[in-house]
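Novice: Below you'll find run-v5.cif; it's mmCIF, C-alpha atoms.
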```cif
data_structure
loop_
_atom_site.label_atom_id
_atom_site.label_comp_id
_atom_site.auth_asym_id
_atom_site.auth_seq_id
_atom_site.Cartn_x
_atom_site.Cartn_y
_atom_site.Cartn_z
CA MET A 498 77.34 -137.40 -116.85
CA LYS A 499 76.72 -139.22 -113.58
CA LYS A 500 73.89 -136.81 -112.77
CA LEU A 501 72.34 -137.46 -116.19
CA LEU A 502 72.54 -141.24 -115.74
CA LEU A 503 71.07 -140.94 -112.25
CA THR A 504 68.20 -138.83 -113.55
CA VAL A 505 67.47 -141.33 -116.35
CA TRP A 506 67.61 -144.22 -113.91
CA LEU A 507 65.29 -142.54 -111.38
CA THR A 508 62.84 -141.62 -114.14
CA SER A 509 62.84 -145.22 -115.39
CA VAL A 510 62.20 -146.53 -111.88
CA ALA A 511 59.37 -144.03 -111.37
CA LEU A 512 57.74 -145.06 -114.63
CA LEU A 513 58.13 -148.74 -113.76
CA VAL A 514 56.58 -148.21 -110.34
CA GLN A 515 53.72 -146.22 -111.86
CA ALA A 516 53.11 -148.98 -114.38
CA GLN A 517 53.04 -151.55 -111.58
CA LEU A 518 50.69 -149.38 -109.53
CA TYR A 519 48.31 -148.71 -112.38
CA ASP A 520 48.41 -150.63 -115.63
CA PRO A 521 45.02 -149.80 -117.27
CA SER A 522 44.88 -152.92 -119.41
CA ALA A 523 45.57 -155.15 -116.41
CA PHE A 524 42.85 -153.43 -114.39
CA ASP A 525 40.37 -153.67 -117.25
CA LYS A 526 40.86 -157.43 -117.41
CA LYS A 527 40.40 -157.82 -113.68
CA TYR A 528 37.21 -155.77 -113.24
CA ASP A 529 33.99 -156.49 -115.13
CA GLY A 530 32.69 -152.95 -114.57
CA LEU A 531 33.81 -149.45 -113.76
CA LEU A 532 32.09 -148.78 -110.43
CA LYS A 533 34.64 -150.88 -108.53
CA HIS A 534 37.50 -150.21 -110.94
CA PRO A 535 40.23 -148.46 -108.87
CA GLY A 536 42.06 -147.34 -112.00
CA VAL A 537 39.01 -145.45 -113.23
CA GLN A 538 38.58 -143.94 -109.79
CA ILE A 539 42.19 -142.72 -109.97
CA GLU A 540 41.57 -141.26 -113.44
CA SER A 541 38.24 -139.63 -112.61
CA ALA A 542 38.89 -138.39 -109.05
CA GLU A 543 40.48 -135.09 -110.05
CA ALA A 544 37.82 -134.39 -112.69
CA ILE A 545 35.00 -135.09 -110.22
CA ASN A 546 36.63 -132.79 -107.66
CA GLN A 547 36.96 -130.08 -110.31
CA MET A 548 33.28 -130.45 -111.19
CA TYR A 549 32.11 -130.11 -107.60
CA ASN A 550 34.38 -127.08 -107.18
CA TYR A 551 32.75 -125.48 -110.24
CA LYS A 552 35.75 -125.78 -112.52
CA PHE A 553 33.62 -127.23 -115.30
CA TYR A 554 35.98 -126.60 -118.20
CA GLU A 555 38.76 -128.59 -116.51
CA ALA A 556 36.37 -131.38 -115.50
CA ASP A 557 34.89 -131.64 -118.99
CA LYS A 558 38.29 -132.30 -120.56
CA GLU A 559 38.83 -135.29 -118.25
CA PHE A 560 35.31 -136.63 -118.74
CA LYS A 561 35.77 -136.49 -122.52
CA TRP A 562 39.03 -138.41 -122.17
CA LEU A 563 37.22 -141.08 -120.14
CA ARG A 564 34.55 -141.27 -122.85
CA ILE A 565 37.25 -141.85 -125.49
CA ARG A 566 38.77 -144.58 -123.33
CA TYR A 567 35.40 -146.23 -122.53
CA PRO A 568 33.15 -145.26 -125.48
CA ASN A 569 30.56 -147.96 -124.82
CA HIS A 570 30.20 -147.43 -121.07
CA PRO A 571 27.55 -145.07 -119.63
CA MET A 572 29.72 -143.67 -116.81
CA PRO A 573 31.63 -140.88 -118.67
CA THR A 574 28.44 -139.64 -120.34
CA PHE A 575 26.58 -139.73 -117.01
CA LEU A 576 29.31 -137.63 -115.37
CA MET A 577 29.02 -135.08 -118.18
CA GLY A 578 25.28 -134.91 -117.55
CA LEU A 579 25.88 -134.58 -113.82
CA ALA A 580 28.10 -131.55 -114.50
CA GLU A 581 25.21 -129.91 -116.37
CA TRP A 582 22.93 -130.57 -113.40
CA TRP A 583 25.38 -128.88 -111.02
CA LYS A 584 25.29 -125.81 -113.25
CA ILE A 585 21.54 -125.72 -112.50
CA VAL A 586 21.87 -126.30 -108.74
CA PRO A 587 22.61 -122.70 -107.59
CA ASN A 588 19.35 -121.45 -109.12
CA THR A 589 16.99 -124.18 -110.26
CA ASP A 590 14.79 -121.62 -112.04
CA VAL A 591 17.49 -121.21 -114.70
CA THR A 592 16.68 -123.42 -117.70
CA ASP A 593 19.82 -122.71 -119.78
CA TYR A 594 21.35 -126.13 -119.08
CA ASP A 595 18.21 -128.29 -119.24
CA ASP A 596 18.59 -129.52 -122.82
CA ARG A 597 22.22 -130.59 -122.43
CA CYS A 598 21.52 -132.27 -119.09
CA LEU A 599 18.60 -134.25 -120.54
CA MET A 600 20.60 -135.08 -123.68
CA TYR A 601 23.44 -136.57 -121.65
CA MET A 602 21.02 -138.52 -119.44
CA ASP A 603 19.23 -139.92 -122.51
CA SER A 604 22.59 -140.92 -124.01
CA THR A 605 23.53 -142.58 -120.72
CA ILE A 606 20.25 -144.53 -120.77
CA THR A 607 20.91 -145.73 -124.33
CA LEU A 608 24.42 -146.94 -123.45
CA ALA A 609 23.28 -148.48 -120.15
CA GLU A 610 20.39 -150.37 -121.80
CA LYS A 611 22.81 -151.90 -124.32
CA LEU A 612 25.23 -152.81 -121.53
CA TYR A 613 22.35 -154.26 -119.51
CA ASP A 614 21.35 -156.52 -122.40
CA GLU A 615 24.89 -157.68 -123.17
CA SER A 616 26.50 -157.92 -119.72
CA ASP A 617 26.35 -160.69 -117.14
CA ASN A 618 26.77 -157.98 -114.49
CA LYS A 619 23.29 -156.39 -114.47
CA LEU A 620 23.88 -154.31 -111.31
CA GLU A 621 26.22 -151.75 -112.83
CA PRO A 622 24.07 -150.82 -115.85
CA ALA A 623 20.99 -150.90 -113.59
CA PHE A 624 22.67 -148.31 -111.35
CA PHE A 625 23.27 -145.94 -114.27
CA LEU A 626 19.75 -146.49 -115.61
CA ALA A 627 18.29 -145.73 -112.18
CA ALA A 628 20.48 -142.66 -111.71
CA SER A 629 19.81 -141.23 -115.18
CA TYR A 630 16.06 -141.64 -114.90
CA ALA A 631 16.18 -140.19 -111.39
CA PHE A 632 17.94 -137.05 -112.61
CA LYS A 633 15.45 -136.69 -115.44
CA SER A 634 12.59 -137.02 -112.95
CA ARG A 635 14.27 -134.50 -110.68
CA LEU A 636 14.64 -131.94 -113.48
CA TYR A 637 11.11 -132.48 -114.79
CA SER A 638 9.81 -131.98 -111.24
CA GLU A 639 11.62 -128.64 -111.05
CA ARG A 640 9.88 -127.66 -114.30
CA LYS A 641 6.53 -128.91 -112.96
CA LYS A 642 6.22 -131.39 -115.82
CA TRP A 643 4.55 -133.90 -113.55
CA ALA A 644 3.62 -136.56 -116.14
CA LYS A 645 7.19 -136.75 -117.45
CA ALA A 646 8.56 -136.65 -113.90
CA THR A 647 6.30 -139.55 -112.87
CA PHE A 648 7.22 -141.64 -115.92
CA ALA A 649 10.95 -141.11 -115.36
CA GLY A 650 10.51 -141.72 -111.63
CA LYS A 651 8.82 -145.07 -112.24
CA ASN A 652 11.67 -146.15 -114.50
CA ALA A 653 14.20 -145.03 -111.90
CA LEU A 654 12.40 -147.01 -109.22
CA LYS A 655 12.30 -150.11 -111.45
CA TYR A 656 16.08 -150.13 -111.73
CA PHE A 657 16.62 -149.06 -108.11
CA GLU A 658 14.71 -152.21 -107.17
CA LYS A 659 17.21 -154.28 -109.17
CA CYS A 660 20.06 -152.62 -107.25
CA LYS A 661 18.37 -152.87 -103.85
CA GLY A 662 20.19 -154.88 -101.22
CA ASN A 663 23.43 -155.12 -103.20
CA ALA A 664 25.54 -152.57 -101.36
CA ASP A 665 28.10 -155.34 -100.81
CA PHE A 666 28.74 -155.23 -104.59
CA SER A 667 29.28 -151.46 -104.46
CA PRO A 668 28.40 -148.85 -101.81
CA GLU A 669 27.16 -146.67 -104.70
CA LEU A 670 24.03 -148.85 -104.84
CA LEU A 671 23.03 -147.86 -101.30
CA PHE A 672 22.45 -144.28 -102.47
CA GLY A 673 19.21 -145.22 -104.23
CA ASP A 674 17.90 -147.04 -101.15
CA GLY A 675 18.56 -144.01 -98.96
CA MET A 676 17.01 -141.54 -101.38
CA TYR A 677 13.90 -143.62 -101.87
CA ASN A 678 13.38 -144.41 -98.20
CA TYR A 679 13.62 -140.78 -97.11
CA TYR A 680 11.62 -139.08 -99.86
CA ALA A 681 8.94 -141.75 -100.19
CA GLN A 682 7.87 -140.76 -96.67
CA TRP A 683 8.76 -137.05 -96.89
CA ILE A 684 6.88 -136.24 -100.13
CA PRO A 685 3.36 -137.28 -99.00
CA GLU A 686 3.94 -135.54 -95.65
CA ASN A 687 4.76 -132.27 -97.38
CA TYR A 688 2.85 -132.55 -100.66
CA PRO A 689 -0.51 -134.21 -99.88
CA LEU A 690 -1.70 -133.67 -103.46
CA LEU A 691 0.90 -136.19 -104.66
CA LYS A 692 -0.39 -138.97 -102.38
CA PRO A 693 -2.60 -140.53 -105.10
CA ILE A 694 0.48 -140.90 -107.36
CA LEU A 695 2.59 -142.45 -104.60
CA ILE A 696 -0.05 -144.98 -103.51
CA PHE A 697 1.36 -147.47 -106.04
CA PHE A 698 4.91 -147.10 -104.71
CA PRO A 699 6.39 -148.96 -101.71
CA LYS A 700 6.34 -147.06 -98.41
CA GLY A 701 9.47 -145.28 -97.27
CA ASN A 702 11.17 -144.76 -93.94
CA LYS A 703 12.90 -141.43 -93.31
CA ALA A 704 15.09 -142.66 -90.45
CA SER A 705 16.36 -145.59 -92.52
CA GLY A 706 16.89 -143.31 -95.50
CA ILE A 707 19.06 -140.93 -93.48
CA LYS A 708 21.19 -143.80 -92.17
CA GLU A 709 21.67 -145.20 -95.67
CA LEU A 710 22.60 -141.80 -97.08
CA GLU A 711 25.06 -141.26 -94.22
CA LYS A 712 26.69 -144.60 -94.98
CA THR A 713 26.87 -143.70 -98.68
CA ALA A 714 28.38 -140.32 -97.78
CA ASN A 715 31.17 -142.08 -95.87
CA THR A 716 31.87 -145.12 -98.06
CA ALA A 717 30.93 -144.44 -101.69
CA PHE A 718 33.12 -142.86 -104.35
CA TYR A 719 30.87 -141.55 -107.13
CA THR A 720 27.74 -140.85 -105.04
CA ARG A 721 29.51 -139.60 -101.91
CA VAL A 722 29.08 -135.89 -102.66
CA GLU A 723 25.54 -136.39 -103.99
CA ALA A 724 24.60 -138.07 -100.70
CA ARG A 725 26.11 -135.13 -98.78
CA TYR A 726 24.25 -132.68 -101.02
CA PHE A 727 20.97 -134.24 -99.93
CA LEU A 728 21.99 -134.73 -96.30
CA VAL A 729 22.77 -131.02 -95.86
CA GLN A 730 19.20 -130.24 -96.97
CA ILE A 731 17.63 -133.11 -95.03
CA TYR A 732 19.37 -132.13 -91.78
CA SER A 733 17.98 -128.61 -92.20
CA MET A 734 14.46 -129.89 -92.95
CA GLU A 735 14.64 -132.17 -89.90
CA ASN A 736 15.86 -129.27 -87.69
CA GLN A 737 19.20 -130.99 -87.16
CA TYR A 738 21.02 -127.71 -87.65
CA ASP A 739 24.26 -128.67 -85.92
CA LYS A 740 24.63 -131.62 -88.30
CA ALA A 741 23.85 -129.36 -91.26
CA TYR A 742 26.48 -126.92 -90.01
CA GLU A 743 29.21 -129.55 -89.54
CA LEU A 744 28.61 -131.17 -92.92
CA SER A 745 28.26 -127.95 -94.92
CA LYS A 746 31.37 -126.50 -93.26
CA TYR A 747 33.34 -129.63 -94.15
CA MET A 748 32.07 -129.56 -97.74
CA ASN A 749 32.92 -125.87 -98.06
CA GLU A 750 36.46 -126.68 -96.96
CA GLN A 751 36.63 -129.43 -99.60
CA TYR A 752 35.03 -127.35 -102.37
CA PRO A 753 35.45 -123.66 -101.45
CA ASP A 754 34.04 -122.46 -104.78
CA ASN A 755 30.87 -124.57 -104.68
CA PRO A 756 28.04 -122.02 -104.23
CA PHE A 757 25.52 -124.55 -102.88
CA PHE A 758 27.68 -125.79 -100.02
CA GLU A 759 28.88 -122.28 -99.21
CA ARG A 760 25.29 -121.02 -99.05
CA TYR A 761 24.30 -123.82 -96.67
CA TYR A 762 27.41 -123.20 -94.58
CA ALA A 763 26.42 -119.53 -94.19
CA ARG A 764 22.80 -120.44 -93.39
CA SER A 765 23.58 -123.15 -90.87
CA ALA A 766 26.28 -121.05 -89.17
CA PHE A 767 23.73 -118.23 -88.89
CA VAL A 768 20.94 -120.45 -87.56
CA THR A 769 23.23 -122.05 -84.96
CA GLY A 770 24.45 -118.65 -83.72
CA ARG A 771 27.95 -118.78 -85.19
CA LEU A 772 27.65 -115.21 -86.40
CA ASN A 773 31.33 -114.50 -87.03
CA GLU A 774 31.51 -117.42 -89.43
CA ALA A 775 28.18 -116.51 -91.03
CA GLU A 776 29.38 -112.95 -91.57
CA ARG A 777 32.71 -114.02 -93.07
CA ILE A 778 31.17 -116.54 -95.45
CA SER A 779 28.38 -114.15 -96.49
CA LYS A 780 30.89 -111.46 -97.39
CA ASP A 781 32.87 -114.02 -99.39
CA MET A 782 29.72 -114.99 -101.31
CA LEU A 783 28.87 -111.38 -102.16
CA GLU A 784 32.43 -110.78 -103.31
CA LYS A 785 32.22 -113.81 -105.64
CA ILE A 786 28.87 -112.57 -106.99
CA SER A 787 30.35 -109.13 -107.63
CA ARG A 788 33.03 -110.66 -109.87
CA SER A 789 30.53 -112.99 -111.60
CA GLN A 790 32.23 -116.16 -110.40
CA SER A 791 30.75 -119.37 -111.79
CA GLY A 792 27.64 -120.46 -109.89
CA TYR A 793 27.41 -117.39 -107.66
CA GLU A 794 24.23 -115.43 -108.32
CA ALA A 795 21.11 -113.91 -106.80
CA VAL A 796 19.78 -116.94 -104.86
CA GLY A 797 22.96 -117.12 -102.79
CA GLY A 798 23.10 -113.32 -102.80
CA ARG A 799 19.79 -112.84 -101.02
CA THR A 800 20.88 -115.31 -98.32
CA ALA A 801 24.23 -113.60 -97.79
CA ALA A 802 22.81 -110.06 -97.88
CA TYR A 803 20.05 -110.88 -95.39
CA ILE A 804 22.50 -112.47 -92.94
CA LEU A 805 24.73 -109.39 -93.10
CA ALA A 806 21.73 -107.06 -92.72
CA TYR A 807 20.47 -108.94 -89.66
CA ILE A 808 23.89 -108.96 -87.98
CA ASN A 809 24.45 -105.24 -88.63
CA HIS A 810 20.92 -104.34 -87.53
CA LEU A 811 20.60 -106.32 -84.32
CA PHE A 812 24.18 -106.91 -83.14
CA TYR A 813 26.35 -104.08 -84.46
CA LYS A 814 23.48 -101.53 -84.35
CA ASN A 815 24.87 -100.18 -87.61
CA THR A 816 21.64 -99.06 -89.29
CA SER A 817 23.26 -97.61 -92.42
CA GLU A 818 24.96 -100.96 -93.21
CA ALA A 819 21.81 -102.85 -92.23
CA LYS A 820 19.67 -100.77 -94.62
CA LYS A 821 22.20 -101.31 -97.41
CA TYR A 822 22.17 -105.08 -96.99
CA TYR A 823 18.38 -105.34 -96.48
CA GLN A 824 17.91 -103.47 -99.76
CA GLN A 825 20.47 -105.73 -101.43
CA ALA A 826 18.56 -108.82 -100.24
CA ILE A 827 15.33 -107.30 -101.61
CA ASP A 828 16.98 -106.58 -104.97
CA PHE A 829 18.36 -110.14 -105.20
CA ALA A 830 14.91 -111.55 -104.32
CA LYS A 831 13.31 -109.50 -107.10
CA GLN A 832 15.94 -110.72 -109.58
CA THR A 833 14.89 -114.30 -108.82
CA ASN A 834 11.13 -113.59 -108.64
CA ALA A 835 11.25 -114.61 -104.97
CA THR A 836 9.08 -111.89 -103.40
CA ASN A 837 6.91 -114.67 -101.99
CA ALA A 838 9.71 -116.04 -99.79
CA GLY A 839 11.02 -115.45 -96.29
CA TYR A 840 14.19 -113.52 -97.10
CA TYR A 841 12.17 -110.89 -98.96
CA TRP A 842 9.50 -110.53 -96.27
CA SER A 843 12.08 -110.38 -93.47
CA SER A 844 14.19 -107.81 -95.32
CA VAL A 845 11.23 -105.49 -95.93
CA LEU A 846 10.20 -105.97 -92.29
CA GLY A 847 13.74 -105.08 -91.20
CA LEU A 848 13.57 -101.81 -93.16
CA ALA A 849 10.17 -101.11 -91.57
CA LYS A 850 11.63 -101.51 -88.08
CA ILE A 851 14.55 -99.23 -88.87
CA ALA A 852 12.17 -96.60 -90.30
CA THR A 853 10.09 -96.84 -87.11
CA ASP A 854 13.19 -96.36 -84.93
CA GLU A 855 14.13 -93.35 -87.04
CA LYS A 856 10.57 -91.98 -86.55
CA ASP A 857 9.90 -92.06 -90.30
CA TYR A 858 6.41 -93.45 -89.70
CA ASP A 859 5.05 -92.94 -93.22
CA LEU A 860 7.93 -94.95 -94.70
CA ALA A 861 7.55 -97.60 -91.99
CA GLN A 862 3.86 -97.92 -92.80
CA THR A 863 4.69 -98.39 -96.50
CA TYR A 864 7.08 -101.21 -95.64
CA PHE A 865 4.66 -102.89 -93.21
CA LYS A 866 1.91 -102.81 -95.84
CA GLU A 867 4.32 -104.36 -98.34
CA VAL A 868 4.88 -107.26 -95.93
CA LEU A 869 1.13 -107.68 -95.42
CA ASP A 870 0.64 -107.70 -99.17
CA LYS A 871 3.39 -110.21 -99.99
CA ALA A 872 3.84 -112.47 -96.94
CA ASP A 873 1.95 -115.66 -96.19
CA ARG A 874 -0.84 -114.87 -93.72
CA LYS A 875 0.38 -117.62 -91.37
CA SER A 876 3.98 -116.40 -91.39
CA SER A 877 5.63 -114.69 -88.45
CA GLN A 878 6.49 -111.74 -90.71
CA HIS A 879 2.82 -111.19 -91.61
CA LYS A 880 1.73 -111.38 -87.98
CA GLU A 881 4.46 -108.98 -86.88
CA ALA A 882 3.64 -106.46 -89.60
CA LYS A 883 -0.08 -106.63 -88.78
CA LYS A 884 0.59 -106.07 -85.08
CA ALA A 885 2.89 -103.12 -85.84
CA LEU A 886 0.26 -101.44 -88.02
CA ASP A 887 -2.47 -102.08 -85.44
CA ASP A 888 -0.25 -100.63 -82.71
CA ALA A 889 0.47 -97.59 -84.89
CA LYS A 890 -3.24 -97.01 -85.44
CA LYS A 891 -3.93 -97.26 -81.71
CA ALA A 892 -1.10 -94.82 -80.98
CA ARG A 893 -2.51 -92.31 -83.46
CA ARG A 894 -6.03 -92.63 -82.00
CA GLU A 895 -4.59 -92.14 -78.51
CA GLU A 896 -2.69 -89.07 -79.72
CA ARG A 897 -5.86 -87.54 -81.24
CA ARG A 898 -7.79 -88.27 -78.02
CA LYS A 899 -5.18 -86.45 -75.94
CA ARG A 900 -5.34 -83.45 -78.27
CA GLY A 901 -9.13 -83.37 -78.12
#
```
Using the file provided, produce a representation of the structure as structure tokens.

Specialist:
Amino acid sequence: MKKLLLTVWLTSVALLVQAQLYDPSAFDKKYDGLLKHPGVQIESAEAINQMYNYKFYEADKEFKWLRIRYPNHPMPTFLMGLAEWWKIVPNTDVTDYDDRCLMYMDSTITLAEKLYDESDNKLEPAFFLAASYAFKSRLYSERKKWAKATFAGKNALKYFEKCKGNADFSPELLFGDGMYNYYAQWIPENYPLLKPILIFFPKGNKASGIKELEKTANTAFYTRVEARYFLVQIYSMENQYDKAYELSKYMNEQYPDNPFFERYYARSAFVTGRLNEAERISKDMLEKISRSQSGYEAVGGRTAAYILAYINHLFYKNTSEAKKYYQQAIDFAKQTNATNAGYYWSSVLGLAKIATDEKDYDLAQTYFKEVLDKADRKSSQHKEAKKALDDAKKARREERRKRG
């Protein structure tokens, strides 16, 4: 009886403490929005973590509960749209999730516009309007629907401008500043044809953009992982491979079943010479692909297979394993229509070198010609294949001269 009373008493105390720590109605009265609402952060944290770890079914249940609790707020609907985008991330050529992603973003825009009109706090709805239009622009860009991408991008920028300089209200708002500053300079540098479109937009600053994204990555709640998603790519583009390695490794530890962060972890470990890690992660990725784990498919597969082929070829001198993995990388590249990319060219070139070492010159010549046919003329793979074929021709002429 005493044990029963003690249990009841302890349970009552626990419930009382929990109520004092988080009484939803009390929080809702105190905060005029959800971005700074600690109760909502408590409720959504696990769901957001599940989403980024590719446990979409579990995340969706929590997001739907948030939408029931806050039916007129854009946040829950935006998070559901964000989950659809992350289903696209591993292979952006897959269009299966486009319609649902766009539907959720359009619904978010409708709710955010109503909130913008009715609320004294314009910053929060402006953030969701900017973010939703930005994701629409991002998806339309992937589909090369440039007119729609430009229209959505202009709307995103309009609302980003309303958020600009208000990071003291919420660190989430700094995300837009960082994204704009970096890519407004990066896009015209890398896509000159888009310069006429960007002439009407304010100039960017890549260095400032990186700093703002780094601050978002360390201080924000909802946009923290999104900032890290971009930083991993930006560090790689800016040849800051050690930073890309450290961040992608950390994110892989946080979300071990996220195929994007695991792929970048393998790549950056490989590029920075951490071959044991690159090998271990690449094998893990191929194992997940073999069992059809969510998000693991041919784009990550060609990366993992090429890394394992390279390590077996040049470090272990295990040509049978190297050939197996080079062929696997080629097969993955063909599955994703990526025979015009580096992993494919390098894998075919690797098979050509092995064939040459094995004195199978006809097969080597076939592979070298494949590289010449598919690779960019300015690429190192094209130049290497051309030199190898030229050297082979010289060797044959020399051989005929000796015989004559």

Novice: Give me the residues within 8 Å of range 866-880 of chain A as a ChimeraX atom specification, counting only C-alpha atoms and dropping any in the same chain fewer than 3 places off.

Specialist: /A:836-839,842-843,845-846,862-863,883-884

Novice: Carefully work through the PyMOL selection byres ((chain A and resi 540) around 12) for this structure and note down the residues it includes, as JSON, numbers by chain.

Specialist: {"A": [519, 520, 521, 531, 534, 535, 536, 537, 538, 539, 541, 542, 543, 544, 545, 546, 556, 558, 559, 560, 561, 562, 563, 564, 566, 573]}

Novice: Dump as an MDAnalysis selection string all residues having an atom at most 9 Å from (9.8, -140.0, -113.2), computed in the file's coordinates with all atoms listed in the file.

Specialist: chainID A and resid 630:635 637:638 643:654

Novice: Keeping only C-alpha atoms, take the residues you just selected and write them out as a PDB file, keeping the file's coordinate frame.

Specialist:
```pdb
ATOM      1  CA  TYR A 630      16.060-141.640-114.900  1.00  0.00           C
ATOM      2  CA  ALA A 631      16.180-140.190-111.390  1.00  0.00           C
ATOM      3  CA  PHE A 632      17.940-137.050-112.610  1.00  0.00           C
ATOM      4  CA  LYS A 633      15.450-136.690-115.440  1.00  0.00           C
ATOM      5  CA  SER A 634      12.590-137.020-112.950  1.00  0.00           C
ATOM      6  CA  ARG A 635      14.270-134.500-110.680  1.00  0.00           C
ATOM      7  CA  TYR A 637      11.110-132.480-114.790  1.00  0.00           C
ATOM      8  CA  SER A 638       9.810-131.980-111.240  1.00  0.00           C
ATOM      9  CA  TRP A 643       4.550-133.900-113.550  1.00  0.00           C
ATOM     10  CA  ALA A 644       3.620-136.560-116.140  1.00  0.00           C
ATOM     11  CA  LYS A 645       7.190-136.750-117.450  1.00  0.00           C
ATOM     12  CA  ALA A 646       8.560-136.650-113.900  1.00  0.00           C
ATOM     13  CA  THR A 647       6.300-139.550-112.870  1.00  0.00           C
ATOM     14  CA  PHE A 648       7.220-141.640-115.920  1.00  0.00           C
ATOM     15  CA  ALA A 649      10.950-141.110-115.360  1.00  0.00           C
ATOM     16  CA  GLY A 650      10.510-141.720-111.630  1.00  0.00           C
ATOM     17  CA  LYS A 651       8.820-145.070-112.240  1.00  0.00           C
ATOM     18  CA  ASN A 652      11.670-146.150-114.500  1.00  0.00           C
ATOM     19  CA  ALA A 653      14.200-145.030-111.900  1.00  0.00           C
ATOM     20  CA  LEU A 654      12.400-147.010-109.220  1.00  0.00           C
TER      21      LEU A 654
END
```

Novice: Which neighbours of Leu710 in chain A fall inside 7 Å, counting only C-alpha atoms, when residues of the same chain fewer than 4 positions from it are skipped, and could you give them as a compact mmCIF listing (two decimals) with C-alpha atoms, keeping the file's coordinate frame?

Specialist:
```txt
# COMPACT_ATOMS: atom_id res chain seq x y z
CA PHE A 672 22.45 -144.28 -102.47
CA GLY A 675 18.56 -144.01 -98.96
CA GLY A 706 16.89 -143.31 -95.50
CA ALA A 714 28.38 -140.32 -97.78
CA ALA A 724 24.60 -138.07 -100.70
```

Novice: Can you tell me, as a VMD selection string, what residues are no more than 12 Å from Thr574 in chain A when counting only C-alpha atoms, ignoring any on the same chain fewer than 4 positions away?

Specialist: chain A and resid 557 559 to 570 578 to 581 597 to 609 625 629

Novice: Counting all atoms listed in the file, which residues of range 787-810 of chain A fall within 10 Å of range 825-829 of chain A, and what is the closest atom pair for each with its distance in Å at one decimal, ordered by chain and rising number, as a tab-separated table?

Specialist:
```
residue	atom	partner	partner_atom	distance
A:Glu794	CA	A:Phe829	CA	8.5
A:Ala795	CA	A:Phe829	CA	4.9
A:Val796	CA	A:Phe829	CA	7.0
A:Gly797	CA	A:Phe829	CA	8.7
A:Gly798	CA	A:Phe829	CA	6.2
A:Arg799	CA	A:Ala826	CA	4.3
A:Thr800	CA	A:Ala826	CA	7.2
A:Ala801	CA	A:Ala826	CA	7.8
A:Ala802	CA	A:Ala826	CA	5.0
A:Tyr803	CA	A:Ala826	CA	5.5
A:Ile804	CA	A:Ala826	CA	9.1
A:Leu805	CA	A:Ala826	CA	9.5
A:Ala806	CA	A:Ala826	CA	8.3
```

Novice: Apply the PyMOL selection byres ((chain A and resi 733-749) around 9) to the file shown and report the selected residues as a compact mmCIF listing (two decimals) with C-alpha atoms, in the frame of the given file.

Specialist:
```txt
# COMPACT_ATOMS: atom_id res chain seq x y z
CA VAL A 722 29.08 -135.89 -102.66
CA ARG A 725 26.11 -135.13 -98.78
CA TYR A 726 24.25 -132.68 -101.02
CA LEU A 728 21.99 -134.73 -96.30
CA VAL A 729 22.77 -131.02 -95.86
CA GLN A 730 19.20 -130.24 -96.97
CA ILE A 731 17.63 -133.11 -95.03
CA TYR A 732 19.37 -132.13 -91.78
CA GLU A 750 36.46 -126.68 -96.96
CA GLN A 751 36.63 -129.43 -99.60
CA TYR A 752 35.03 -127.35 -102.37
CA PRO A 753 35.45 -123.66 -101.45
CA ASP A 754 34.04 -122.46 -104.78
CA ASN A 755 30.87 -124.57 -104.68
CA PRO A 756 28.04 -122.02 -104.23
CA PHE A 757 25.52 -124.55 -102.88
CA PHE A 758 27.68 -125.79 -100.02
CA GLU A 759 28.88 -122.28 -99.21
CA ARG A 760 25.29 -121.02 -99.05
CA TYR A 761 24.30 -123.82 -96.67
CA TYR A 762 27.41 -123.20 -94.58
CA ALA A 763 26.42 -119.53 -94.19
CA ARG A 764 22.80 -120.44 -93.39
CA SER A 765 23.58 -123.15 -90.87
CA ALA A 766 26.28 -121.05 -89.17
CA VAL A 768 20.94 -120.45 -87.56
CA THR A 769 23.23 -122.05 -84.96
```

Novice: Within 12 Å of (15.6, -96.5, -88.1) (file coordinates; all atoms listed in the file), which protein or nucleic acid residues are there? I'd like them as a PyMOL selection string.

Specialist: chain A and resi 810-811+814-820+846-858+860-861

Novice: Calculate how many Å separate CA of Leu620 in chain A from CA of Ser705 in chain A, rounding to one decimal.

Specialist: 22.0 Å

Novice: Using Å and a single decimal, report how far CA of Glu711 in chain A sits from CA of Pro668 in chain A.

Specialist: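 Those two atoms sit 11.2 Å apart.
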
Novice: Find the residue from A:Asn678, A:Asn809, A:Ser667, A:Asn834 that sits nearest to Lys533 in chain A; use all atoms listed in the file when measuring.

Specialist: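 Ranking A:Asn678, A:Asn809, A:Ser667, A:Asn834 by distance to Lys533 in chain A, first place goes to A:Ser667.
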
Novice: Between CA of Tyr823 in chain A and CA of Trp583 in chain A, what is the distance in Å, rounded to a tenth?

Specialist: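 CA of Tyr823 in chain A sits 28.5 Å away from CA of Trp583 in chain A.
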